[in-house]
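File shown here: structure23.cif, holding mmCIF, C-alpha atoms.
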data_model
loop_
_atom_site.label_atom_id
_atom_site.label_comp_id
_atom_site.auth_asym_id
_atom_site.auth_seq_id
_atom_site.Cartn_x
_atom_site.Cartn_y
_atom_site.Cartn_z
CA MET Q 54 -0.61 -12.13 -30.09
CA PHE Q 55 2.68 -12.63 -28.26
CA SER Q 56 6.13 -11.38 -29.23
CA ALA Q 57 8.82 -13.88 -30.14
CA ASP Q 58 10.34 -13.73 -26.67
CA LYS Q 59 6.88 -13.94 -25.04
CA LYS Q 60 7.53 -10.75 -23.04
CA LEU Q 61 4.92 -8.64 -24.83
CA VAL Q 62 1.31 -9.34 -25.78
CA THR Q 63 -1.01 -7.37 -28.06
CA ILE Q 64 -4.65 -7.38 -26.94
CA SER Q 65 -7.56 -6.03 -28.99
CA GLY Q 66 -10.59 -4.23 -27.66
CA GLY Q 67 -13.41 -6.59 -26.70
CA THR Q 68 -11.07 -9.39 -25.66
CA LEU Q 69 -12.36 -10.98 -22.47
CA ILE Q 70 -10.13 -11.78 -19.53
CA SER Q 71 -10.93 -15.46 -20.05
CA ASP Q 72 -9.63 -15.21 -23.63
CA VAL Q 73 -6.36 -13.73 -22.40
CA THR Q 74 -5.73 -16.27 -19.64
CA ALA Q 75 -6.47 -19.15 -22.03
CA ALA Q 76 -4.06 -17.82 -24.67
CA ALA Q 77 -1.41 -16.99 -22.09
CA SER Q 78 -1.63 -20.49 -20.63
CA GLN Q 79 -1.05 -22.00 -24.07
CA ASN Q 80 2.05 -19.82 -24.44
CA ASP Q 81 3.43 -20.47 -20.92
CA VAL Q 82 3.22 -16.84 -19.83
CA LEU Q 83 1.32 -14.82 -17.23
CA VAL Q 84 -0.46 -11.53 -17.99
CA THR Q 85 -1.82 -9.10 -15.42
CA THR Q 86 -5.62 -9.29 -15.53
CA GLY Q 87 -8.63 -8.60 -13.37
CA THR Q 88 -10.34 -11.41 -11.48
CA CYS Q 89 -13.68 -11.63 -13.33
CA ASP Q 90 -13.41 -13.75 -16.50
CA CYS Q 91 -16.40 -12.24 -18.35
CA VAL Q 92 -15.04 -8.67 -18.24
CA GLY Q 93 -13.18 -7.09 -21.15
CA LEU Q 94 -9.51 -6.95 -20.23
CA LEU Q 95 -8.74 -3.48 -21.57
CA GLY Q 96 -11.70 -1.83 -19.86
CA ALA Q 97 -10.75 -3.22 -16.46
CA LEU Q 98 -7.05 -2.60 -16.95
CA LEU Q 99 -7.30 0.99 -18.14
CA GLY Q 100 -9.35 1.95 -15.09
CA GLY Q 101 -6.36 0.98 -12.93
CA GLY Q 102 -6.25 -2.79 -13.11
CA ILE Q 103 -6.07 -4.90 -9.94
CA GLY Q 104 -5.85 -8.67 -9.72
CA HIS Q 105 -3.97 -11.69 -8.48
CA LEU Q 106 -0.60 -10.47 -9.77
CA THR Q 107 -0.86 -6.91 -8.42
CA GLY Q 108 1.51 -7.70 -5.55
CA GLU Q 109 4.21 -8.95 -7.91
CA ARG Q 110 3.68 -6.90 -11.08
CA GLY Q 111 1.89 -3.74 -9.97
CA LEU Q 112 -1.32 -2.31 -11.39
CA GLY Q 113 -2.57 -3.14 -14.84
CA VAL Q 114 -1.78 0.39 -16.01
CA ASP Q 115 1.83 -0.12 -14.93
CA ASN Q 116 2.14 -2.92 -17.48
CA VAL Q 117 0.96 -0.95 -20.53
CA VAL Q 118 3.68 -0.39 -23.14
CA SER Q 119 1.58 1.24 -25.86
CA MET Q 120 -2.04 1.80 -26.95
CA ASN Q 121 -3.76 2.34 -30.27
CA VAL Q 122 -6.50 4.90 -29.66
CA VAL Q 123 -9.13 6.75 -31.68
CA LEU Q 124 -9.42 10.30 -30.37
CA ALA Q 125 -12.52 12.48 -30.18
CA ASP Q 126 -11.75 14.13 -33.55
CA GLY Q 127 -11.62 10.71 -35.25
CA THR Q 128 -7.86 10.54 -35.63
CA ALA Q 129 -5.99 7.35 -34.75
CA GLU Q 130 -2.81 7.50 -32.73
CA THR Q 131 -0.36 5.07 -31.17
CA VAL Q 132 0.33 6.29 -27.65
CA THR Q 133 3.52 5.44 -25.77
CA ALA Q 134 5.56 7.03 -22.99
CA LYS Q 135 6.86 9.37 -25.70
CA SER Q 136 3.37 10.94 -25.71
CA PRO Q 137 3.43 11.82 -22.00
CA ASP Q 138 0.08 13.58 -21.66
CA LEU Q 139 -2.07 10.94 -23.36
CA TYR Q 140 0.00 8.08 -21.96
CA TRP Q 141 -0.65 9.44 -18.46
CA ALA Q 142 -4.36 10.13 -19.05
CA LEU Q 143 -5.32 6.88 -20.79
CA ARG Q 144 -3.84 4.78 -18.00
CA GLY Q 145 -6.51 5.33 -15.40
CA ALA Q 146 -9.08 7.49 -17.19
CA ALA Q 147 -9.14 6.11 -20.72
CA PRO Q 148 -12.88 6.45 -21.53
CA ASN Q 149 -12.62 10.20 -21.07
CA PHE Q 150 -10.02 10.66 -23.77
CA GLY Q 151 -10.64 8.17 -26.57
CA ILE Q 152 -11.42 4.61 -27.62
CA VAL Q 153 -8.53 2.21 -27.09
CA THR Q 154 -8.73 -0.34 -29.92
CA SER Q 155 -5.70 -2.38 -28.83
CA ALA Q 156 -2.81 -2.27 -26.41
CA VAL Q 157 0.59 -3.86 -25.97
CA LEU Q 158 1.19 -5.14 -22.44
CA ARG Q 159 4.09 -6.75 -20.65
CA ALA Q 160 3.88 -10.52 -20.32
CA TYR Q 161 5.85 -12.75 -17.98
CA PRO Q 162 7.13 -16.14 -19.18
CA THR Q 163 6.66 -18.84 -16.57
CA ASP Q 164 9.56 -20.57 -14.86
CA SER Q 165 10.43 -21.89 -11.41
CA SER Q 166 10.36 -18.37 -9.93
CA ASN Q 167 7.19 -17.40 -11.83
CA PRO Q 168 5.09 -20.58 -11.84
CA SER Q 169 1.96 -21.10 -13.89
CA THR Q 170 0.16 -22.43 -10.82
CA ALA Q 171 -0.93 -21.04 -7.46
CA TRP Q 172 -2.36 -22.42 -4.25
CA ALA Q 173 -5.87 -21.03 -4.28
CA GLY Q 174 -9.49 -21.76 -3.51
CA ALA Q 175 -12.46 -21.09 -1.25
CA LEU Q 176 -12.63 -21.38 2.52
CA ILE Q 177 -16.27 -21.52 3.62
CA PHE Q 178 -17.29 -20.09 7.00
CA THR Q 179 -20.61 -19.73 8.81
CA ALA Q 180 -22.19 -16.46 9.91
CA GLU Q 181 -21.31 -17.36 13.50
CA GLN Q 182 -17.63 -17.26 12.51
CA LEU Q 183 -17.84 -13.89 10.78
CA ASP Q 184 -16.43 -11.78 13.62
CA ARG Q 185 -13.33 -14.02 13.82
CA VAL Q 186 -12.94 -13.98 10.04
CA LEU Q 187 -13.11 -10.19 9.96
CA SER Q 188 -10.55 -9.87 12.74
CA ALA Q 189 -8.19 -12.28 10.97
CA ILE Q 190 -8.43 -10.37 7.69
CA ALA Q 191 -7.97 -7.03 9.47
CA GLU Q 192 -4.75 -8.27 11.08
CA LEU Q 193 -3.40 -10.06 8.01
CA THR Q 194 -0.42 -8.56 6.19
CA LEU Q 195 -0.39 -9.64 2.57
CA THR Q 196 2.99 -10.25 0.95
CA SER Q 197 3.57 -9.86 -2.78
CA HIS Q 198 2.51 -13.43 -3.58
CA MET Q 199 -0.88 -13.13 -1.86
CA ALA Q 200 -4.41 -11.93 -2.58
CA LEU Q 201 -7.74 -12.39 -0.82
CA THR Q 202 -11.42 -12.12 -1.67
CA MET Q 203 -14.37 -12.34 0.72
CA THR Q 204 -17.94 -12.79 -0.50
CA TRP Q 205 -21.23 -12.92 1.37
CA VAL Q 206 -24.05 -14.86 -0.29
CA LEU Q 207 -27.07 -16.88 0.70
CA GLY Q 208 -26.24 -20.57 0.44
CA ASN Q 209 -28.40 -23.65 0.68
CA ASN Q 210 -31.66 -23.17 2.58
CA SER Q 211 -31.07 -19.39 2.46
CA THR Q 212 -28.22 -19.73 4.95
CA PRO Q 213 -25.75 -16.79 5.07
CA THR Q 214 -22.42 -18.08 3.79
CA ILE Q 215 -19.03 -16.41 4.16
CA ILE Q 216 -16.66 -17.35 1.33
CA VAL Q 217 -13.01 -16.36 1.69
CA SER Q 218 -11.05 -17.10 -1.47
CA VAL Q 219 -7.34 -17.21 -0.70
CA PHE Q 220 -4.55 -16.98 -3.27
CA TYR Q 221 -0.83 -17.66 -2.96
CA HIS Q 222 1.41 -17.63 -6.05
CA GLY Q 223 3.63 -20.46 -4.92
CA ALA Q 224 3.61 -23.77 -3.09
CA GLU Q 225 0.76 -25.06 -0.93
CA GLU Q 226 2.83 -25.26 2.26
CA ALA Q 227 3.86 -21.62 1.93
CA GLY Q 228 0.28 -20.61 1.17
CA ARG Q 229 -1.10 -22.39 4.21
CA ASP Q 230 1.51 -20.71 6.38
CA ALA Q 231 0.63 -17.32 4.92
CA PHE Q 232 -3.10 -17.76 5.64
CA ALA Q 233 -2.69 -19.72 8.89
CA SER Q 234 -4.81 -17.29 10.92
CA LEU Q 235 -7.85 -17.90 8.70
CA LEU Q 236 -7.33 -21.64 8.56
CA ALA Q 237 -7.08 -21.75 12.36
CA ILE Q 238 -10.68 -20.51 12.63
CA GLY Q 239 -11.81 -23.83 11.19
CA PRO Q 240 -13.64 -23.34 7.89
CA VAL Q 241 -16.53 -25.74 7.37
CA SER Q 242 -15.13 -26.43 3.91
CA ASP Q 243 -11.62 -26.09 2.44
CA GLY Q 244 -11.61 -26.03 -1.35
CA THR Q 245 -8.02 -24.91 -1.82
CA ALA Q 246 -5.71 -26.71 -4.25
CA ILE Q 247 -2.80 -26.10 -6.59
CA THR Q 248 -4.57 -24.33 -9.44
CA PRO Q 249 -3.44 -23.58 -13.04
CA TYR Q 250 -3.36 -19.97 -14.20
CA LYS Q 251 -6.39 -20.24 -16.51
CA GLU Q 252 -8.50 -21.32 -13.51
CA TRP Q 253 -7.42 -18.60 -11.07
CA ASN Q 254 -10.65 -16.68 -11.76
CA ALA Q 255 -12.97 -19.69 -11.41
CA GLY Q 256 -14.71 -18.03 -8.47
CA SER Q 257 -16.12 -15.33 -10.75
CA THR Q 258 -18.59 -17.71 -12.42
CA ASN Q 259 -21.66 -16.51 -10.51
CA ALA Q 260 -20.81 -12.85 -11.10
CA CYS Q 261 -20.84 -13.53 -14.84
CA ILE Q 262 -24.45 -14.73 -14.97
CA LYS Q 263 -26.32 -12.37 -17.27
CA GLY Q 264 -29.68 -10.77 -16.60
CA GLY Q 265 -31.39 -8.82 -13.86
CA ARG Q 266 -30.60 -5.45 -12.33
CA LYS Q 267 -27.28 -5.27 -10.50
CA PRO Q 268 -26.60 -1.78 -9.08
CA THR Q 269 -23.37 -1.79 -7.10
CA TRP Q 270 -22.03 0.56 -4.44
CA GLY Q 271 -18.26 0.44 -4.16
CA VAL Q 272 -15.70 1.81 -1.73
CA SER Q 273 -11.91 1.75 -1.61
CA MET Q 274 -10.31 1.61 1.83
CA SER Q 275 -6.92 1.49 3.52
CA ARG Q 276 -8.01 -1.00 6.17
CA LEU Q 277 -10.79 -3.29 7.35
CA ASP Q 278 -12.65 -2.17 10.45
CA PRO Q 279 -14.45 -5.26 11.86
CA ALA Q 280 -17.16 -3.32 13.70
CA SER Q 281 -18.25 -1.40 10.61
CA TRP Q 282 -18.29 -4.60 8.56
CA LEU Q 283 -20.57 -6.23 11.12
CA ALA Q 284 -22.91 -3.26 10.72
CA VAL Q 285 -22.86 -3.72 6.94
CA TYR Q 286 -23.57 -7.41 7.46
CA ASP Q 287 -26.83 -6.48 9.21
CA ILE Q 288 -27.77 -4.26 6.26
CA TRP Q 289 -27.00 -7.05 3.78
CA ARG Q 290 -29.00 -9.57 5.82
CA GLU Q 291 -32.02 -7.28 5.70
CA LEU Q 292 -31.56 -6.75 1.94
CA VAL Q 293 -31.47 -10.46 1.07
CA GLN Q 294 -34.68 -11.01 3.03
CA GLN Q 295 -36.53 -8.76 0.58
CA PRO Q 296 -38.54 -10.79 -1.97
CA GLY Q 297 -36.61 -10.97 -5.24
CA ALA Q 298 -33.32 -9.69 -3.80
CA GLU Q 299 -32.11 -12.97 -2.30
CA ARG Q 300 -29.06 -13.17 -4.62
CA SER Q 301 -27.63 -9.82 -3.51
CA SER Q 302 -24.05 -10.02 -2.27
CA VAL Q 303 -21.15 -8.26 -0.63
CA LEU Q 304 -17.61 -8.46 -2.01
CA LEU Q 305 -14.20 -7.52 -0.62
CA ASN Q 306 -10.92 -7.73 -2.55
CA VAL Q 307 -7.61 -7.20 -0.73
CA TYR Q 308 -4.30 -6.83 -2.57
CA PRO Q 309 -0.75 -6.00 -1.51
CA MET Q 310 0.14 -2.64 -3.08
CA ASP Q 311 3.87 -2.31 -2.36
CA LYS Q 312 4.85 -3.08 -5.97
CA ALA Q 313 2.27 -0.63 -7.31
CA ARG Q 314 3.64 2.04 -4.98
CA GLU Q 315 7.09 1.76 -6.52
CA SER Q 316 5.61 4.02 -9.21
CA PRO Q 317 4.60 7.51 -8.06
CA VAL Q 318 0.97 8.61 -8.06
CA SER Q 319 1.89 11.07 -10.80
CA SER Q 320 2.89 8.21 -13.15
CA SER Q 321 -0.71 7.65 -14.32
CA ALA Q 322 -4.23 9.02 -13.97
CA TYR Q 323 -5.13 6.30 -11.44
CA PRO Q 324 -5.13 8.34 -8.20
CA PHE Q 325 -5.29 5.86 -5.30
CA ARG Q 326 -2.23 3.62 -5.49
CA ASP Q 327 -0.59 5.16 -2.42
CA THR Q 328 -3.62 4.96 -0.13
CA VAL Q 329 -5.92 1.99 -0.75
CA THR Q 330 -5.55 -1.78 -0.34
CA HIS Q 331 -9.14 -2.93 0.25
CA PHE Q 332 -11.87 -2.76 -2.39
CA ALA Q 333 -15.43 -3.38 -1.13
CA SER Q 334 -18.83 -3.42 -2.80
CA LEU Q 335 -22.46 -4.30 -2.19
CA THR Q 336 -24.44 -5.51 -5.20
CA ALA Q 337 -28.22 -5.65 -5.10
CA LEU Q 338 -29.45 -8.27 -7.57
CA TYR Q 339 -33.15 -8.25 -8.53
CA THR Q 340 -35.42 -7.90 -11.56
CA ASP Q 341 -38.25 -5.57 -10.53
CA PRO Q 342 -37.49 -1.93 -11.49
CA THR Q 343 -39.80 -0.69 -8.74
CA PHE Q 344 -37.23 -2.01 -6.27
CA ASP Q 345 -34.59 0.48 -7.47
CA ASP Q 346 -35.11 3.06 -4.74
CA ILE Q 347 -35.18 0.43 -2.00
CA ALA Q 348 -31.98 -1.13 -3.33
CA SER Q 349 -30.37 2.29 -3.42
CA SER Q 350 -31.21 2.88 0.23
CA TYR Q 351 -29.40 -0.30 1.25
CA GLY Q 352 -26.37 0.39 -0.92
CA THR Q 353 -26.10 3.99 0.21
CA LYS Q 354 -26.26 3.02 3.89
CA ALA Q 355 -23.59 0.35 3.48
CA ARG Q 356 -21.25 2.69 1.63
CA ALA Q 357 -21.68 5.43 4.24
CA ILE Q 358 -20.72 3.01 7.03
CA TRP Q 359 -17.64 1.80 5.17
CA ARG Q 360 -16.51 5.33 4.40
CA LYS Q 361 -16.66 6.42 8.05
CA GLN Q 362 -13.99 3.84 8.92
CA ASP Q 363 -12.01 3.62 5.68
CA GLY Q 364 -8.86 5.14 7.17
CA LEU Q 365 -8.64 7.74 4.40
CA ALA Q 366 -8.60 11.52 4.41
CA HIS Q 367 -10.83 11.67 1.32
CA ASP Q 368 -13.35 9.39 -0.40
CA SER Q 369 -11.41 7.18 -2.81
CA THR Q 370 -14.08 5.58 -4.97
#
Translate this file's structure into structure tokens.
Amino acid sequence: MFSADKKLVTISGGTLISDVTAAASQNDVLVTTGTCDCVGLLGALLGGGIGHLTGERGLGVDNVVSMNVVLADGTAETVTAKSPDLYWALRGAAPNFGIVTSAVLRAYPTDSSNPSTAWAGALIFTAEQLDRVLSAIAELTLTSHMALTMTWVLGNNSTPTIIVSVFYHGAEEAGRDAFASLLAIGPVSDGTAITPYKEWNAGSTNACIKGGRKPTWGVSMSRLDPASWLAVYDIWRELVQQPGAERSSVLLNVYPMDKARESPVSSSAYPFRDTVTHFASLTALYTDPTFDDIASSYGTKARAIWRKQDGLAHDST
């Protein structure tokens, strides 16, 4: 439900990100969400909340105005900045302190400076181009209008496929200029286009397929080290050659964090806003429970390699 001026939205627990983007589109507003449509918005947001609008609007927790929460003793409370302890704790560590049944978030009416469209889509590269892709991403400086996702999957004929999904909240010409270093590599396919807000998360479709076992090993980093990523690529290639694990994948999300860093670390329970920009994960996808230990060995090795070159003083996962 949106306020009369469309600058606030009330979202109930259990509401999916796809529900929010559809309703926001109908009301000509943008709301900060995660990038996977089948995820509940409040769960993703209250853990920190990163997505396409992070560069312009900050973290999801930075956009929370109030929350209705049921506490451990069964009492219900509306939490705002006037309740500093709970307001701090729930924004970043909510499951540890209560059940958030609804929240009021900031919403951003669309206009010429805040358009309802973005230039976005998938650039497809081959495995032979991976080293150049990694170098380009490592050297890329994302401005507030940008975001980037890289995914490794097996494509047709079990061919390793590098998918780089680029996002620019603005015009196509400006977006192509911003991602010129990646385009110059020569993707084998360019699926970018001017895309409406409710379709910004279209690339999450495969991640939303239900079923199977999907343990995931995640790492937050301050940089991308190409050599360590090539080492992880070798681990992933070995994993997807295991019978039943062919749909395993690697994911990297990169977001500009300058807007998020306008708020101090002490402003919420989310602890990594001043250090991380890259969010990586390896997901082993299979059905046989006897494969659990083998999957864990691959995920653990990948995470250890990433952490050695994450550019951080402490693990930030």
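Across the structure, CA of Leu207 in chain Q and CA of Leu94 in chain Q are spaced 29.1 Å apart.
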message = With distances taken over all atoms listed in the file, which residue among Q:Gly145, Q:Gly297, Q:Gly271, Q:Gly93 lies nearest Arg360 in chain Q?
response =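 That would be Q:Gly271, the residue with the smallest distance to Arg360 in chain Q.
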Explicit residues for the PyMOL selection byres ((chain Q and resi 348-353) around 12) (as an NGL selection string) = :Q and (266-272 or 284-293 or 295-299 or 301-303 or 333-347 or 354-360)
request  = Just say which residues the PyMOL selection byres ((chain Q and resi 325) around 10) picks in this file, as a list of chain:residue names.
outcome  = Q:Gly101, Q:Ser273, Q:Met274, Q:Ser275, Q:Arg314, Q:Val318, Q:Ala322, Q:Tyr323, Q:Pro324, Q:Arg326, Q:Asp327, Q:Thr328, Q:Val329, Q:Thr330, Q:Ser369, Q:Thr370
task = Might you pull out every residue within 12 Å of Lys59 in chain Q, with all atoms listed in the file counted and same-chain residues fewer than 2 positions away left off, and present them as a PyMOL selection string?
result = chain Q and resi 54-57+61-63+76-84+157-163
ask   = With all atoms listed in the file as the basis for distance, which of Q:Leu201, Q:Ala156, Q:Ala129, Q:Ile177 is at the shortest distance from Leu304 in chain Q?
value =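 Residue with the minimum atom-to-atom distance to Leu304 in chain Q: Q:Leu201.
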